[in-house]
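The next block is model-v1.csv, given as CSV, C-alpha atoms and all ligand atoms.
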chain,number,residue,atom,x,y,z
B,237,MET,CA,-7.4,-9.6,18.0
B,238,GLU,CA,-7.2,-8.1,14.5
B,239,ILE,CA,-4.6,-9.0,11.9
B,240,ALA,CA,-3.7,-6.8,8.9
B,241,ARG,CA,-1.6,-8.7,6.4
B,242,VAL,CA,0.9,-6.8,4.2
B,243,ALA,CA,1.3,-9.2,1.2
B,244,LEU,CA,4.7,-8.6,-0.4
B,245,GLY,CA,5.8,-12.1,-1.5
B,246,THR,CA,8.8,-13.2,0.6
B,247,ARG,CA,8.7,-9.9,2.5
B,248,SER,CA,5.1,-10.3,3.7
B,249,TYR,CA,4.2,-9.8,7.3
B,250,ASP,CA,1.4,-9.5,9.7
B,251,ILE,CA,0.4,-6.5,11.8
B,252,THR,CA,-1.2,-7.8,15.0
B,253,ILE,CA,-3.6,-5.3,16.6
B,254,LEU,CA,-4.3,-6.6,20.1
B,255,VAL,CA,-5.7,-4.8,23.2
B,256,GLY,CA,-3.3,-5.8,26.0
B,257,GLY,CA,-0.8,-7.1,23.5
B,258,LEU,CA,2.1,-5.4,25.3
B,259,VAL,CA,1.4,-6.8,28.7
B,260,ASN,CA,1.2,-10.3,27.2
B,261,ILE,CA,3.9,-9.7,24.6
B,262,LYS,CA,5.4,-13.1,25.3
B,263,ASP,CA,2.7,-14.8,23.3
B,264,TRP,CA,3.5,-12.7,20.3
B,265,LEU,CA,7.2,-13.0,20.7
B,266,GLN,CA,7.0,-16.8,20.9
B,267,LYS,CA,5.7,-16.8,17.3
B,268,ILE,CA,8.8,-14.9,16.0
B,269,PRO,CA,11.0,-17.7,14.6
B,270,VAL,CA,14.6,-16.3,15.1
B,271,LYS,CA,15.6,-15.9,18.7
B,272,THR,CA,19.2,-14.8,19.2
B,273,GLY,CA,20.6,-11.4,20.2
B,274,ALA,CA,18.3,-8.4,20.0
B,275,LEU,CA,18.6,-4.6,20.4
B,276,VAL,CA,15.5,-2.7,21.5
B,277,VAL,CA,15.5,0.9,20.5
B,278,ALA,CA,13.1,3.0,22.6
B,279,ASP,CA,12.7,6.7,23.4
B,280,THR,CA,12.6,8.1,26.9
B,281,ASN,CA,8.8,7.9,27.1
B,282,SER,CA,8.3,4.4,25.6
B,283,ALA,CA,11.2,3.0,27.6
B,284,ASN,CA,9.6,4.3,30.9
B,285,PHE,CA,6.2,2.9,30.2
B,286,PHE,CA,6.9,-0.4,28.3
B,287,GLY,CA,10.7,-1.0,28.4
B,288,SER,CA,11.0,-3.5,31.2
B,289,VAL,CA,8.0,-5.6,30.2
B,290,LEU,CA,9.4,-5.9,26.7
B,291,LEU,CA,13.0,-6.8,27.8
B,292,GLU,CA,11.8,-9.3,30.4
B,293,SER,CA,9.5,-11.0,28.0
B,294,MET,CA,12.1,-11.1,25.2
B,295,ASN,CA,14.7,-12.7,27.5
B,296,ALA,CA,12.1,-15.1,28.8
B,297,VAL,CA,11.4,-16.5,25.3
B,298,GLY,CA,15.0,-16.8,24.4
B,299,PHE,CA,16.1,-13.5,22.8
B,300,SER,CA,19.2,-12.2,24.5
B,301,ALA,CA,18.0,-8.5,24.5
B,302,THR,CA,19.5,-5.2,25.5
B,303,MET,CA,17.9,-1.8,25.2
B,304,THR,CA,19.2,1.6,24.0
B,305,VAL,CA,17.2,4.7,24.9
B,306,VAL,CA,17.3,7.7,22.6
B,307,PRO,CA,15.9,11.2,23.5
B,308,ALA,CA,12.3,11.7,22.5
B,309,GLY,CA,11.9,14.0,19.5
B,310,GLU,CA,12.8,14.5,15.8
B,311,ALA,CA,16.5,15.4,16.6
B,312,SER,CA,17.1,11.7,17.4
B,313,LYS,CA,16.5,10.8,13.7
B,314,SER,CA,20.1,11.5,12.7
B,315,LEU,CA,23.1,9.8,11.3
B,316,ALA,CA,24.9,10.5,14.6
B,317,MET,CA,22.2,8.7,16.6
B,318,ALA,CA,22.3,5.8,14.1
B,319,ASP,CA,26.0,5.6,14.7
B,320,CYS,CA,25.4,5.3,18.5
B,321,LEU,CA,23.0,2.4,17.7
B,322,TYR,CA,25.5,0.7,15.5
B,323,GLU,CA,28.0,0.9,18.4
B,324,ALA,CA,25.4,-0.5,20.8
B,325,ALA,CA,24.7,-3.4,18.4
B,326,ILE,CA,28.3,-4.2,18.0
B,327,ARG,CA,29.0,-4.1,21.7
B,328,ALA,CA,26.0,-6.3,22.3
B,329,GLY,CA,27.5,-8.8,19.9
B,330,LEU,CA,24.6,-8.7,17.5
B,331,ASP,CA,25.4,-10.9,14.5
B,332,ARG,CA,23.5,-11.4,11.2
B,333,SER,CA,20.8,-13.5,12.9
B,334,GLY,CA,20.1,-10.6,15.4
B,335,THR,CA,17.0,-8.5,15.6
B,336,ILE,CA,16.4,-4.8,16.1
B,337,VAL,CA,13.2,-3.8,17.8
B,338,ALA,CA,11.6,-0.4,17.6
B,339,LEU,CA,9.5,0.5,20.7
B,340,GLY,CA,8.0,4.0,20.4
B,341,GLY,CA,6.6,6.5,17.9
B,342,GLY,CA,7.6,7.4,14.3
B,343,VAL,CA,11.0,8.8,15.2
B,344,VAL,CA,12.1,5.5,16.9
B,345,GLY,CA,10.6,3.4,14.1
B,346,ASP,CA,12.3,5.3,11.3
B,347,LEU,CA,15.6,5.4,13.1
B,348,ALA,CA,15.7,1.8,14.3
B,349,GLY,CA,14.4,0.6,10.9
B,350,PHE,CA,17.2,2.5,9.2
B,351,VAL,CA,19.8,0.9,11.5
B,352,ALA,CA,18.2,-2.6,10.9
B,353,SER,CA,18.4,-2.1,7.2
B,354,THR,CA,22.1,-1.2,7.2
B,355,TYR,CA,23.7,-3.0,10.1
B,356,LEU,CA,25.6,-6.0,8.7
B,357,ARG,CA,23.7,-5.3,5.4
B,358,GLY,CA,20.4,-5.9,7.1
B,359,VAL,CA,19.1,-7.8,10.2
B,360,SER,CA,15.5,-8.7,11.3
B,361,PHE,CA,13.3,-5.8,12.3
B,362,LEU,CA,10.3,-5.8,14.6
B,363,GLN,CA,8.0,-2.8,15.1
B,364,ILE,CA,6.0,-2.0,18.3
B,365,PRO,CA,4.6,1.4,17.6
B,366,THR,CA,3.1,3.2,20.6
B,367,THR,CA,1.6,6.4,19.2
B,368,LEU,CA,-1.5,6.7,17.0
B,369,LEU,CA,0.5,8.3,14.2
B,370,SER,CA,3.0,5.5,14.1
B,371,GLN,CA,0.3,2.8,14.5
B,372,VAL,CA,-1.7,3.9,11.5
B,373,ASP,CA,1.1,5.2,9.2
B,374,SER,CA,4.8,5.0,9.8
B,375,SER,CA,5.0,1.4,11.1
B,376,VAL,CA,3.3,0.1,8.0
B,377,GLY,CA,5.0,-0.1,4.6
B,378,GLY,CA,8.7,-0.1,5.3
B,379,LYS,CA,9.8,3.5,4.9
B,380,VAL,CA,12.8,3.9,7.1
B,381,ALA,CA,15.1,7.0,7.2
B,382,VAL,CA,17.1,9.5,9.1
B,383,ASN,CA,17.2,13.3,8.5
B,384,HIS,CA,20.0,15.3,7.0
B,385,THR,CA,20.7,18.9,8.1
B,386,LEU,CA,19.5,19.9,4.6
B,387,GLY,CA,16.1,18.1,4.9
B,388,LYS,CA,13.9,15.5,6.5
B,389,ASN,CA,14.1,11.8,5.6
B,390,LEU,CA,16.8,12.3,3.0
B,391,ILE,CA,18.8,9.2,3.9
B,392,GLY,CA,16.8,6.0,4.0
B,393,SER,CA,15.4,3.0,2.2
B,394,PHE,CA,12.4,0.7,2.0
B,395,TYR,CA,12.9,-2.1,4.5
B,396,GLN,CA,9.9,-4.1,5.7
B,397,PRO,CA,9.7,-5.3,9.3
B,398,GLN,CA,9.3,-9.0,10.0
B,399,ALA,CA,6.2,-8.3,12.2
B,400,VAL,CA,4.3,-5.4,13.8
B,401,LEU,CA,2.5,-5.5,17.1
B,402,ILE,CA,0.0,-2.7,17.9
B,403,ASP,CA,-1.5,-2.4,21.4
B,404,PRO,CA,-4.2,0.3,21.4
B,405,GLN,CA,-3.9,0.5,25.2
B,406,THR,CA,-0.6,2.4,24.7
B,407,LEU,CA,-2.8,5.3,23.5
B,408,ALA,CA,-4.4,5.7,26.9
B,409,THR,CA,-1.3,7.8,28.1
B,410,LEU,CA,-0.9,9.7,24.8
B,411,PRO,CA,-1.3,13.5,25.2
B,412,ASP,CA,-4.5,14.8,23.6
B,413,ARG,CA,-2.6,16.9,21.0
B,414,GLU,CA,-0.7,13.8,19.9
B,415,PHE,CA,-3.8,11.7,19.7
B,416,ALA,CA,-5.5,14.4,17.6
B,417,SER,CA,-2.4,14.5,15.3
B,418,GLY,CA,-2.7,10.8,14.6
B,419,MET,CA,-6.4,11.3,13.9
B,420,ALA,CA,-5.5,13.5,10.9
B,421,GLU,CA,-3.8,10.6,9.2
B,422,VAL,CA,-6.8,8.4,10.1
B,423,LEU,CA,-9.2,10.9,8.5
B,424,LYS,CA,-6.9,11.0,5.5
B,425,TYR,CA,-7.6,7.3,4.7
B,426,GLY,CA,-11.3,7.9,4.6
B,427,LEU,CA,-10.9,10.9,2.4
B,428,ILE,CA,-8.6,9.3,-0.2
B,429,ALA,CA,-9.9,5.7,-0.2
B,430,ASP,CA,-13.0,4.9,1.8
B,431,ALA,CA,-16.1,7.2,1.9
B,432,ASN,CA,-18.0,4.9,4.3
B,433,PHE,CA,-15.0,5.0,6.7
B,434,PHE,CA,-15.0,8.8,6.6
B,435,ARG,CA,-18.7,8.9,7.4
B,436,GLU,CA,-18.2,6.5,10.3
B,437,LEU,CA,-15.3,8.6,11.7
B,438,THR,CA,-17.4,11.8,11.4
B,439,ALA,CA,-20.4,10.1,13.2
B,440,ASP,CA,-18.2,8.5,15.9
B,441,ALA,CA,-15.9,11.4,16.8
B,442,GLN,CA,-17.1,11.5,20.4
B,443,ASP,CA,-16.9,7.8,20.9
B,444,ILE,CA,-13.4,7.5,19.4
B,445,GLY,CA,-12.3,10.5,21.4
B,446,ARG,CA,-13.0,8.5,24.6
B,447,ARG,CA,-10.3,6.1,23.4
B,448,GLU,CA,-12.1,2.9,24.2
B,449,PRO,CA,-9.3,0.4,23.3
B,450,GLN,CA,-11.5,-2.1,21.3
B,451,ARG,CA,-13.0,0.8,19.3
B,452,LEU,CA,-9.5,2.0,18.5
B,453,ALA,CA,-8.4,-1.5,17.6
B,454,ARG,CA,-11.0,-1.7,14.9
B,455,MET,CA,-10.2,1.8,13.6
B,456,ILE,CA,-6.4,1.2,13.6
B,457,ALA,CA,-6.8,-2.2,11.9
B,458,HIS,CA,-8.9,-0.6,9.1
B,459,CYS,CA,-6.3,2.0,8.5
B,460,CYS,CA,-3.5,-0.6,8.4
B,461,ARG,CA,-5.5,-2.7,5.9
B,462,LEU,CA,-6.1,0.4,3.7
B,463,LYS,CA,-2.5,1.4,3.8
B,464,ALA,CA,-1.4,-2.2,3.1
B,465,GLU,CA,-3.3,-2.1,-0.2
B,466,PHE,CA,-1.5,1.0,-1.3
B,467,VAL,CA,1.9,-0.5,-0.3
B,468,GLU,CA,1.2,-3.9,-2.0
B,469,ARG,CA,0.3,-2.1,-5.3
B,470,ASP,CA,3.2,0.4,-5.1
B,471,GLU,CA,5.8,-0.5,-2.5
B,472,GLN,CA,8.5,1.8,-3.9
B,473,ASP,CA,6.3,4.9,-3.9
B,474,THR,CA,6.4,5.7,-7.6
B,475,GLY,CA,2.7,5.8,-8.3
B,476,GLU,CA,-0.4,5.0,-6.3
B,477,ARG,CA,1.3,5.1,-2.9
B,478,MET,CA,1.8,8.9,-3.5
B,479,LEU,CA,-1.9,9.3,-2.9
B,480,LEU,CA,-1.1,8.8,0.8
B,481,ASN,CA,0.5,12.3,0.6
B,482,PHE,CA,-2.9,13.9,0.5
B,483,GLY,CA,-2.7,17.1,2.6
B,484,HIS,CA,1.1,16.8,2.9
B,485,THR,CA,2.3,19.4,0.4
B,486,VAL,CA,0.7,22.2,2.3
B,487,GLY,CA,1.1,20.3,5.6
B,488,HIS,CA,4.9,20.1,5.3
B,489,ALA,CA,5.1,23.8,4.4
B,490,ILE,CA,3.0,24.6,7.5
B,491,GLU,CA,5.3,22.5,9.7
B,492,LYS,CA,8.4,24.2,8.3
B,493,ALA,CA,6.9,27.7,8.5
B,494,GLY,CA,6.1,27.0,12.2
B,495,ASP,CA,9.7,25.8,12.8
B,496,PHE,CA,8.4,22.3,13.5
B,497,GLU,CA,7.2,23.6,16.9
B,498,ARG,CA,4.0,25.6,16.4
B,499,PHE,CA,2.2,22.8,14.5
B,500,THR,CA,2.4,19.1,14.9
B,501,HIS,CA,2.6,16.9,11.8
B,502,GLY,CA,-1.1,16.0,12.1
B,503,GLU,CA,-2.1,19.6,12.5
B,504,GLY,CA,-0.2,20.5,9.3
B,505,VAL,CA,-1.8,17.6,7.5
B,506,ALA,CA,-5.3,18.5,8.7
B,507,LEU,CA,-4.8,22.1,7.4
B,508,GLY,CA,-3.2,20.7,4.2
B,509,MET,CA,-6.2,18.4,3.6
B,510,LEU,CA,-8.5,21.3,4.0
B,511,ALA,CA,-6.5,23.4,1.5
B,512,ALA,CA,-6.3,20.4,-1.0
B,513,THR,CA,-10.1,19.9,-0.7
B,514,ARG,CA,-10.7,23.6,-1.5
B,515,LEU,CA,-8.3,23.2,-4.4
B,516,SER,CA,-10.3,20.2,-5.6
B,517,GLU,CA,-13.4,22.5,-5.6
B,518,LEU,CA,-11.5,24.8,-8.0
B,519,HIS,CA,-10.0,22.1,-10.1
B,520,TYR,CA,-12.8,19.4,-10.2
B,521,ASN,CA,-15.8,21.3,-9.2
B,522,LEU,CA,-16.0,19.3,-6.0
B,523,PRO,CA,-19.2,20.6,-4.2
B,524,GLU,CA,-18.6,23.2,-1.5
B,525,LYS,CA,-20.5,21.1,0.9
B,526,THR,CA,-17.7,18.5,0.7
B,527,THR,CA,-15.2,21.0,1.9
B,528,ALA,CA,-17.6,21.9,4.7
B,529,SER,CA,-17.9,18.2,5.8
B,530,VAL,CA,-14.1,17.8,5.7
B,531,LYS,CA,-13.8,21.0,7.9
B,532,ALA,CA,-16.4,19.6,10.3
B,533,ALA,CA,-14.6,16.3,10.7
B,534,ILE,CA,-11.3,18.1,11.3
B,535,LYS,CA,-12.9,20.2,14.0
B,536,ALA,CA,-14.6,17.2,15.6
B,537,TYR,CA,-11.2,15.8,16.2
B,538,ARG,CA,-9.9,19.0,17.7
B,539,LEU,CA,-7.6,19.7,14.9
B,540,PRO,CA,-7.1,23.3,13.6
B,541,THR,CA,-8.9,24.7,10.5
B,542,GLN,CA,-6.9,28.0,10.5
B,543,ALA,CA,-3.1,28.3,10.2
B,544,THR,CA,-3.0,31.2,12.5
B,545,GLY,CA,0.0,33.6,12.0
B,546,LEU,CA,1.1,32.3,8.6
B,547,ASP,CA,0.7,33.9,5.1
B,548,SER,CA,0.4,32.5,1.6
B,549,GLU,CA,3.7,33.9,0.5
B,550,THR,CA,5.7,32.0,3.1
B,551,LEU,CA,3.8,28.8,2.5
B,552,LEU,CA,4.3,29.0,-1.3
B,553,GLN,CA,8.0,29.5,-0.6
B,554,PHE,CA,8.2,26.5,1.7
B,555,MET,CA,6.3,24.4,-0.9
B,556,GLY,CA,9.1,25.2,-3.4
B,557,THR,CA,6.9,27.2,-5.7
B,558,ASP,CA,7.8,30.5,-7.2
B,559,LYS,CA,5.0,33.1,-7.0
B,560,LYS,CA,6.0,34.5,-10.4
B,561,ARG,CA,5.6,31.1,-12.1
B,562,VAL,CA,2.1,30.8,-13.6
B,563,ARG,CA,2.1,27.0,-13.5
B,564,GLY,CA,3.8,25.2,-10.6
B,565,SER,CA,5.3,21.8,-11.2
B,566,LEU,CA,4.3,20.5,-7.7
B,567,ARG,CA,2.4,17.3,-7.5
B,568,TRP,CA,-1.0,17.7,-5.8
B,569,ILE,CA,-3.2,15.0,-4.5
B,570,LEU,CA,-6.8,16.1,-5.0
B,571,LEU,CA,-10.3,14.7,-4.4
B,572,ARG,CA,-12.7,13.8,-7.2
B,573,ALA,CA,-15.1,12.9,-4.4
B,574,ILE,CA,-14.7,11.7,-0.8
B,575,GLY,CA,-12.9,8.4,-1.0
B,576,GLN,CA,-11.5,9.0,-4.5
B,577,ALA,CA,-8.1,10.8,-4.8
B,578,GLU,CA,-6.0,11.6,-7.8
B,579,SER,CA,-2.6,12.9,-8.4
B,580,VAL,CA,-2.4,16.2,-10.5
B,581,CYS,CA,0.5,18.4,-11.5
B,582,ASP,CA,-1.0,21.1,-13.6
B,583,ILE,CA,-2.3,23.5,-11.0
B,584,SER,CA,-1.9,27.3,-11.3
B,585,ILE,CA,-0.3,29.3,-8.5
B,586,ASN,CA,-3.4,31.5,-8.5
B,587,SER,CA,-5.6,28.5,-7.7
B,588,VAL,CA,-3.1,27.4,-4.9
B,589,THR,CA,-3.1,30.9,-3.5
B,590,GLU,CA,-6.9,31.0,-3.5
B,591,ALA,CA,-7.1,27.6,-1.8
B,592,LEU,CA,-4.7,28.7,0.9
B,593,GLN,CA,-6.8,31.7,1.7
B,594,GLY,CA,-9.4,29.3,3.1
B,595,ILE,CA,-7.0,28.2,5.8
B,596,LEU,CA,-5.4,31.6,6.3
B,597,ALA,CA,-8.3,34.0,6.5
B,598,VAL,CA,-9.6,34.7,9.9
B,599,GLU,CA,-13.1,33.4,10.3
P,1,LIG,N1,3.6,7.9,5.0
P,1,LIG,C1,3.3,7.6,3.6
P,1,LIG,C2,3.9,6.4,3.1
P,1,LIG,O1,4.3,5.5,3.8
P,1,LIG,O2,4.0,6.2,1.9
Translate the structure described by the file into C-alpha cells.
Ligand code: GLY
Amino acid sequence: MEIARVALGTRSYDITILVGGLVNIKDWLQKIPVKTGALVVADTNSANFFGSVLLESMNAVGFSATMTVVPAGEASKSLAMADCLYEAAIRAGLDRSGTIVALGGGVVGDLAGFVASTYLRGVSFLQIPTTLLSQVDSSVGGKVAVNHTLGKNLIGSFYQPQAVLIDPQTLATLPDREFASGMAEVLKYGLIADANFFRELTADAQDIGRREPQRLARMIAHCCRLKAEFVERDEQDTGERMLLNFGHTVGHAIEKAGDFERFTHGEGVALGMLAATRLSELHYNLPEKTTASVKAAIKAYRLPTQATGLDSETLLQFMGTDKKRVRGSLRWILLRAIGQAESVCDISINSVTEALQGILAVE
C-alpha cells in the first residue's frame, strides 16, 4: 500500500493507493469517521464494474448508502445533472453529516465534488477514481466544477475530499486509448517537475504498458505526491499550480478544434506538450534533442505526435489569440530543462506559429 498525503492544515487528507483496494473496500471505509447517510455517484461503466461491491461494503460498515448513476461522458458535467443529484440527496434524506462519494472518472469526480461542495453548504466528500487520468490528476487537489454552455469548468470551486482511494486494478478494464490519455498527464509530471521520473517512464514504457498493478501503484503514487506538492504550495491556483497546465494551452485548442471527439484530453495534452517543448527551444534555447526525447516518450505511450487535419490558424483562434497581434497575452508553461518548468507570457505569435508547425506538418 502507498499513501500520498495532501497537507492542507485542517483540510489535509490521505490518498491511499492499494492494489485490490476496491474488493476489500470495507477496510478503508472503516477508517472514515462519519458514518450516516451517503450518496454514491457513479457513471454507467463504474456502476457496472464496482457499484455493488461499494454499496454492500458501505452499508456493512454503517453508512446508509444509495447510488445514482449518470450517463458516462462530459455531457453529465452540467448544472442540470447537479440538480438531479441534489434531488437524489434530498430524497435519500442526506443531512449535513452525510457523505457524497464519487466512483468513476474525472466527470463523475468533478460533478459529485461540485454537488458535495454546495449541498447544504457542503458535506463530506470521498473520491474513488477509476481511470488513470482521474487517479493521477483530477481526484487530487480539490478542483470541482460543472460546465456551462459557454465553456468548460466555468462553475465550480476548490473543495478538498476527506479521503481518496485508488485501486490500480480498476485500470485492467480501461480501453487502451483512455489508458494512453492518462499517461500524457503522467509524462507531464516528469517533464515539469522530475527529470529522473521522466527518464524512468521512458525506459519502462513497455513494462508500464503491461499494466502490472504494483508497477502502476508506484507510478500513480509518485504522480499524486508530485501533484500534492503543487497543491500544498498553491491550493487556489494563482501561481505555481499553473505549471500543471503544461501542454494544456495548445491541448485545449486541439480538443475544441476536434469537437471534443477526434482527440481525447490526453492526446491534446501530449500534442500540446510537444508544441510547448518546441516553443521552449525557440524561447530558452532548449536543445533540439530534448524535443526529440519528449517526442519519443509520447510515441512510446502510443500518443499522437501529429495533429492530423488541423491548421495553425484554427488552433490560434481556439487559443484566443489574434493572428494580427504581434505579442499574445497568453500564459505559456515552458521548459528550461526536463523537470524544470516556468510560466511565461511574453511570447510572439510568430514563435507560437512556428512551434505549432512541428505538430501540424506531415512527417
Ligand atoms: N489539473 C490541474 C490542477 O488540478 O491544477
Can I get the residues close to ligand LIG 1 (chain P) as a ChimeraX atom specification, where close means within 8 Å and we count only C-alpha atoms and all ligand atoms? /B:373-374,376-379,463,467,473,477-478,480-481
As an MDAnalysis selection string, please: the residues near Ser293 of chain B (cut-off 10 Å, all atoms listed in the file, same-chain neighbours under 3 positions excluded). chainID B and resid 258:266 288:290 296:299 301
Go ahead and write the residues just picked, C-alpha atoms, as a PDB file, keeping the file's coordinate frame.
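The resulting file, out_37.pdb, is reproduced below:
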ATOM      1  CA  LEU B 258       2.100  -5.400  25.300  1.00  0.00           C
ATOM      2  CA  VAL B 259       1.400  -6.800  28.700  1.00  0.00           C
ATOM      3  CA  ASN B 260       1.200 -10.300  27.200  1.00  0.00           C
ATOM      4  CA  ILE B 261       3.900  -9.700  24.600  1.00  0.00           C
ATOM      5  CA  LYS B 262       5.400 -13.100  25.300  1.00  0.00           C
ATOM      6  CA  ASP B 263       2.700 -14.800  23.300  1.00  0.00           C
ATOM      7  CA  TRP B 264       3.500 -12.700  20.300  1.00  0.00           C
ATOM      8  CA  LEU B 265       7.200 -13.000  20.700  1.00  0.00           C
ATOM      9  CA  GLN B 266       7.000 -16.800  20.900  1.00  0.00           C
ATOM     10  CA  SER B 288      11.000  -3.500  31.200  1.00  0.00           C
ATOM     11  CA  VAL B 289       8.000  -5.600  30.200  1.00  0.00           C
ATOM     12  CA  LEU B 290       9.400  -5.900  26.700  1.00  0.00           C
ATOM     13  CA  ALA B 296      12.100 -15.100  28.800  1.00  0.00           C
ATOM     14  CA  VAL B 297      11.400 -16.500  25.300  1.00  0.00           C
ATOM     15  CA  GLY B 298      15.000 -16.800  24.400  1.00  0.00           C
ATOM     16  CA  PHE B 299      16.100 -13.500  22.800  1.00  0.00           C
ATOM     17  CA  ALA B 301      18.000  -8.500  24.500  1.00  0.00           C
TER      18      ALA B 301
END
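Between atom CA of Glu468 of chain B and atom CA of Thr246 of chain B the interatomic distance comes to 12.3 Å.
Across the structure, atom CA of Ile444 of chain B and atom CA of Val242 of chain B are spaced 25.3 Å apart.
The two atoms in question, atom CA of Ile251 of chain B and atom CA of Leu410 of chain B, are spaced 20.8 Å apart.
Close contacts of segment 302-311 of chain B, defined as residues with an atom at most 7 Å away when counting all atoms listed in the file, with chain neighbours fewer than 2 positions off set aside, comprise Ala274, Leu275, Val276, Val277, Ala278, Asp279, Thr280, Asn281, Ala283, Lys313, Ser314 and Val343 of chain B.
The shortest atom-to-atom distance to Gly502 of chain B, with all atoms listed in the file taken into account, belongs to B:Leu539 out of B:Val400, B:Ala429, B:Leu539, B:Ala457.
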Give me, as JSON, numbers by chain, all polymer residues having an atom no more than 7 Å from Leu347 of chain B, counting all atoms listed in the file and skipping those fewer than 4 positions away in the same chain. {"B": [313, 318, 343, 351, 380, 381, 382]}
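Using all atoms listed in the file, the shortest contact distance between Val588 of chain B and any of B:Pro449, B:Pro269, B:Gly508, B:Gly426 is found at B:Gly508.
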Just checking: using only C-alpha atoms, which residue out of B:Asn383, B:Asp495, B:Ile239, B:Asp430 ends up closest to Ile456 of chain B? B:Ile239
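Minimum distance to Ala489 of chain B across B:Ser312, B:Ser370, B:Gln553, B:Gln363 (counting only C-alpha atoms) occurs at B:Gln553.
In terms of minimum interatomic distance to Leu462 of chain B, B:Val422 ranks closest within B:Val337, B:Gly545, B:Gly387, B:Val422, counting all atoms listed in the file.
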Contacts of Lys525 of chain B at 12 Å or less, counting all atoms listed in the file, minus same-chain residues fewer than 6 places along, as a PyMOL selection string? chain B and resi 513-514+517+531-532+573-574
Ranking B:Gly256, B:Leu244, B:Phe415, B:Leu546 by minimum distance to Gln450 of chain B and counting only C-alpha atoms, which one comes first? B:Gly256
Non-local contacts of Arg538 of chain B (12 Å; only C-alpha atoms; under 6 positions in same chain excluded) as a list of chain:residue names: B:Asp412, B:Arg413, B:Glu414, B:Phe415, B:Ala416, B:Ser417, B:Gly418, B:Met419, B:Ala420, B:Ala441, B:Gln442, B:Gly445, B:Gly502, B:Glu503, B:Ala506, B:Leu507, B:Lys531, B:Ala532
Point (-16.5, 14.3, 10.5) neighbourhood (9 Å, only C-alpha atoms) written as number ranges by chain: B: 423, 434-441, 529-537
